[in-house]
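J.: What follows is a structure written as structure tokens; I'll ask about it next.
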Amino acid sequence: MNSENFQKNVLGEKLEPCSTDPVTGWFRDGCCNTNEDDHGLHTVCAKVTTKFLEWAKKAGNDLITPHPELDFPGLKDGNSWCVCAGTFAESIKAGTACKVYLKKTNYKTLEIIPLELLKKYAIDLS
């Protein structure tokens, strides 16, 4: 976490929580916060779809299968989840990208995906 004790979203504002049911985030704090140990950059707050989840599973990132030992219920269509920025970038190329919440997506995502591209998938763009 930065010295301000909160991280910013891609719009430069305070990062809003992504999901507490199921609890998401690198720190399992409900937010797409990150640090230098998060090599996957779990920073994109996505509203996952069946199409995205099935693509991710085929690509080697199974977010569907529950793992109770990790307190992971498995995701289903409509859940919000902090997905890896690289995975989301690949899903855009594959045509399987789902919608995202810009106010809940960490600014670190911009190191991989430009804001203009993210805006094409934004749910919360007024």
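Ligands are numbered from 1 in the order shown, chains are lettered A, B, ... in the order of the structure tokens, and residues start at 1 in each chain.
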Excluding same-chain residues fewer than 5 positions from segment 81-84 of chain A, what lies within 8 Å of it counting only C-alpha atoms, as a list in words?
T.: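 The filter keeps Cys18, Ser19, Pro22, Thr24, Gly25, Trp26, Cys31, Cys32, Gly40, Leu41, His42, Thr43, Val44, Cys45, Ala46, Lys47, Val48 and Thr105 of chain A.
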J.: Please list as a list of chain:residue names every residue within 12 Å of Thr87 of chain A, counting only C-alpha atoms and excluding residues in the same chain fewer than 6 positions away.
T.: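 The residues satisfying every condition are A:Gly40, A:Leu41, A:His42, A:Thr43, A:Val44, A:Ala46, A:Phe52, A:Leu53, A:Trp55, A:Ala56, A:Lys57, A:Lys58, A:Ala59, A:Gly60, A:Asn61, A:Asp62, A:Leu63, A:Lys93, A:Ala94, A:Thr96, A:Ala97, A:Cys98, A:Thr109, A:Ile112, A:Ile113.
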J.: Have a look at A:Ala85, A:Leu11, A:Val100, A:Leu110 and name the one nearest to Asp124 of chain A; count only C-alpha atoms.
T.: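 Nearest to Asp124 of chain A: A:Val100.
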J.: As number ranges by chain, please: every residue in segment 1-113 of chain A that a backbone DSSP assignment puts in alpha helix (DSSP H).
T.: A: 50-58, 85-94
J.: Kindly export the residues of the current selection with C-alpha atoms, as a PDB file, in the first residue's frame.
T.:
```pdb
ATOM      1  CA  THR A  50     -19.640 -17.208 -18.540  1.00  0.00           C
ATOM      2  CA  LYS A  51     -17.869 -16.487 -21.852  1.00  0.00           C
ATOM      3  CA  PHE A  52     -14.923 -14.862 -20.040  1.00  0.00           C
ATOM      4  CA  LEU A  53     -14.740 -17.583 -17.359  1.00  0.00           C
ATOM      5  CA  GLU A  54     -14.775 -20.417 -19.908  1.00  0.00           C
ATOM      6  CA  TRP A  55     -12.083 -18.668 -21.970  1.00  0.00           C
ATOM      7  CA  ALA A  56      -9.924 -18.072 -18.866  1.00  0.00           C
ATOM      8  CA  LYS A  57     -10.232 -21.732 -17.872  1.00  0.00           C
ATOM      9  CA  LYS A  58      -9.106 -22.857 -21.343  1.00  0.00           C
ATOM     10  CA  ALA A  85      -4.389  -7.173 -15.923  1.00  0.00           C
ATOM     11  CA  GLY A  86      -2.461  -9.404 -18.336  1.00  0.00           C
ATOM     12  CA  THR A  87      -5.290 -11.927 -18.428  1.00  0.00           C
ATOM     13  CA  PHE A  88      -7.806  -9.173 -19.132  1.00  0.00           C
ATOM     14  CA  ALA A  89      -5.589  -7.769 -21.912  1.00  0.00           C
ATOM     15  CA  GLU A  90      -5.444 -11.255 -23.479  1.00  0.00           C
ATOM     16  CA  SER A  91      -9.234 -11.617 -23.203  1.00  0.00           C
ATOM     17  CA  ILE A  92      -9.636  -8.358 -25.141  1.00  0.00           C
ATOM     18  CA  LYS A  93      -7.483  -9.805 -27.954  1.00  0.00           C
ATOM     19  CA  ALA A  94      -9.450 -13.075 -27.815  1.00  0.00           C
TER      20      ALA A  94
END
```
J.: Just the strand (DSSP E) stuff from chain A, please, per backbone DSSP, written as a PDB file with C-alpha atoms, in the first residue's frame.
T.:
```
ATOM      1  CA  HIS A  42      -4.731  -8.609  -9.834  1.00  0.00           C
ATOM      2  CA  THR A  43      -5.967  -5.086 -10.496  1.00  0.00           C
ATOM      3  CA  VAL A  44      -8.918  -5.180 -12.929  1.00  0.00           C
ATOM      4  CA  CYS A  45     -12.334  -5.260 -11.249  1.00  0.00           C
ATOM      5  CA  ALA A  46     -14.294  -7.274 -13.785  1.00  0.00           C
ATOM      6  CA  LYS A  47     -17.944  -8.294 -13.799  1.00  0.00           C
ATOM      7  CA  SER A  80     -17.177  -9.172  -9.580  1.00  0.00           C
ATOM      8  CA  TRP A  81     -13.530 -10.216  -9.250  1.00  0.00           C
ATOM      9  CA  CYS A  82     -10.055  -8.680  -9.346  1.00  0.00           C
ATOM     10  CA  VAL A  83      -8.600 -10.339 -12.427  1.00  0.00           C
ATOM     11  CA  CYS A  84      -5.005 -10.112 -13.606  1.00  0.00           C
ATOM     12  CA  LYS A  99     -17.265  -5.453 -18.497  1.00  0.00           C
ATOM     13  CA  VAL A 100     -15.110  -3.679 -15.896  1.00  0.00           C
TER      14      VAL A 100
END
```
J.: To one decimal in Å, tell me the separation between atom CA of Tyr121 of chain A and atom CA of Gly95 of chain A.
T.: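 Going from atom CA of Tyr121 of chain A over to atom CA of Gly95 of chain A covers 11.6 Å.
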J.: Using only C-alpha atoms, which of A:Leu125, A:Gly74, A:Thr34, A:Leu117 sits nearest Lys103 of chain A?
T.: A:Leu125
J.: Gln7 of chain A: which residues within 12 Å, counting only C-alpha atoms, same-chain residues fewer than 2 positions away excluded, as a list in words?
T.: Met1, Asn2, Ser3, Glu4, Asn5, Asn9, Val10, Leu11, Gly12, Glu13, Lys14, Leu15, Glu16, Pro17, Cys31, Cys32, Asn33, Thr34, Asn35, Thr43, Lys103, Lys104, Thr105, Asn106, Tyr107, Lys108 and Thr109 of chain A
J.: Please produce an output containing N, CA and C atoms for each residue in the selection, written as a short mmCIF file (atom, residue, chain, number, x, y, z; two decimals), in the first residue's frame.
T.:
```
data_model
loop_
_atom_site.label_atom_id
_atom_site.label_comp_id
_atom_site.auth_asym_id
_atom_site.auth_seq_id
_atom_site.Cartn_x
_atom_site.Cartn_y
_atom_site.Cartn_z
N MET A 1 0.85 -1.18 0.00
CA MET A 1 0.00 0.00 0.00
C MET A 1 0.89 1.24 0.00
N ASN A 2 0.38 2.32 -0.58
CA ASN A 2 1.19 3.52 -0.61
C ASN A 2 1.06 4.31 0.68
N SER A 3 1.81 5.37 0.79
CA SER A 3 1.88 6.12 2.04
C SER A 3 0.57 6.81 2.39
N GLU A 4 -0.30 7.01 1.38
CA GLU A 4 -1.59 7.65 1.66
C GLU A 4 -2.58 6.65 2.26
N ASN A 5 -2.15 5.39 2.37
CA ASN A 5 -2.96 4.32 2.95
C ASN A 5 -4.14 3.92 2.08
N ASN A 9 -7.64 4.55 -8.36
CA ASN A 9 -8.19 3.82 -9.49
C ASN A 9 -7.65 4.41 -10.79
N VAL A 10 -8.07 3.86 -11.92
CA VAL A 10 -7.56 4.31 -13.22
C VAL A 10 -7.98 5.73 -13.56
N LEU A 11 -8.93 6.29 -12.82
CA LEU A 11 -9.38 7.66 -13.03
C LEU A 11 -8.65 8.64 -12.11
N GLY A 12 -7.73 8.11 -11.27
CA GLY A 12 -6.96 8.95 -10.36
C GLY A 12 -7.66 9.25 -9.05
N GLU A 13 -8.77 8.56 -8.80
CA GLU A 13 -9.54 8.75 -7.56
C GLU A 13 -9.26 7.60 -6.60
N LYS A 14 -9.81 7.70 -5.39
CA LYS A 14 -9.65 6.61 -4.42
C LYS A 14 -10.27 5.33 -4.97
N LEU A 15 -9.53 4.24 -4.87
CA LEU A 15 -9.98 2.94 -5.35
C LEU A 15 -11.18 2.46 -4.53
N GLU A 16 -12.28 2.14 -5.21
CA GLU A 16 -13.48 1.64 -4.54
C GLU A 16 -13.42 0.11 -4.41
N PRO A 17 -14.12 -0.46 -3.41
CA PRO A 17 -14.14 -1.92 -3.26
C PRO A 17 -14.73 -2.61 -4.48
N CYS A 31 -10.82 -5.31 -2.34
CA CYS A 31 -10.37 -4.28 -3.28
C CYS A 31 -9.28 -4.84 -4.19
N CYS A 32 -9.10 -4.18 -5.34
CA CYS A 32 -8.05 -4.59 -6.27
C CYS A 32 -6.73 -3.88 -5.94
N ASN A 33 -6.39 -3.87 -4.64
CA ASN A 33 -5.11 -3.33 -4.19
C ASN A 33 -3.99 -4.26 -4.64
N THR A 34 -2.79 -3.73 -4.74
CA THR A 34 -1.66 -4.54 -5.18
C THR A 34 -0.38 -4.07 -4.49
N ASN A 35 0.66 -4.87 -4.61
CA ASN A 35 1.99 -4.48 -4.15
C ASN A 35 3.03 -5.18 -5.02
N THR A 43 -5.57 -6.48 -10.66
CA THR A 43 -5.97 -5.09 -10.50
C THR A 43 -7.21 -4.66 -11.27
N LYS A 103 -13.90 2.64 -11.53
CA LYS A 103 -13.71 3.20 -10.20
C LYS A 103 -13.18 2.16 -9.21
N LYS A 104 -13.25 0.88 -9.61
CA LYS A 104 -12.80 -0.22 -8.75
C LYS A 104 -11.54 -0.89 -9.30
N THR A 105 -11.03 -0.38 -10.45
CA THR A 105 -9.85 -0.94 -11.11
C THR A 105 -8.63 -0.11 -10.75
N ASN A 106 -7.60 -0.78 -10.24
CA ASN A 106 -6.38 -0.12 -9.76
C ASN A 106 -5.63 0.58 -10.89
N TYR A 107 -5.08 1.75 -10.59
CA TYR A 107 -4.33 2.53 -11.58
C TYR A 107 -3.13 1.77 -12.15
N LYS A 108 -2.60 0.79 -11.41
CA LYS A 108 -1.47 -0.01 -11.89
C LYS A 108 -1.82 -0.75 -13.18
N THR A 109 -3.11 -0.97 -13.41
CA THR A 109 -3.58 -1.63 -14.64
C THR A 109 -3.10 -0.86 -15.87
#
```
J.: Which is closest to Gly78 of chain A among A:Lys8, A:Asp38, A:Asp21, A:Leu118, if we use only C-alpha atoms?
T.: A:Asp21
J.: Calculate how many Å separate atom CA of Pro114 of chain A from atom CA of Asp77 of chain A, rounding to one decimal.
T.: 25.4 Å
J.: For the atom pair atom CA of Phe27 of chain A and atom CA of Leu102 of chain A, what is the interatomic distance in Å to one decimal place?
T.: 19.2 Å
J.: Within 9 Å of Asp71 of chain A, counting only C-alpha atoms, which residues qualify if same-chain residues fewer than 4 places away don't, as a PyMOL selection string?
T.: chain A and resi 23+66-67
J.: Grab the residues selected above and save them as a PDB file, in the first residue's frame with N, CA and C atoms.
T.:
```pdb
ATOM      1  N   VAL A  23     -15.170 -12.663  -1.587  1.00  0.00           N
ATOM      2  CA  VAL A  23     -14.112 -11.713  -1.226  1.00  0.00           C
ATOM      3  C   VAL A  23     -12.973 -11.838  -2.231  1.00  0.00           C
ATOM      4  N   PRO A  66     -14.581 -24.429  -7.585  1.00  0.00           N
ATOM      5  CA  PRO A  66     -14.400 -24.027  -6.174  1.00  0.00           C
ATOM      6  C   PRO A  66     -13.160 -24.682  -5.554  1.00  0.00           C
ATOM      7  N   HIS A  67     -12.507 -23.926  -4.676  1.00  0.00           N
ATOM      8  CA  HIS A  67     -11.377 -24.443  -3.893  1.00  0.00           C
ATOM      9  C   HIS A  67     -11.617 -24.044  -2.443  1.00  0.00           C
TER      10      HIS A  67
END
```
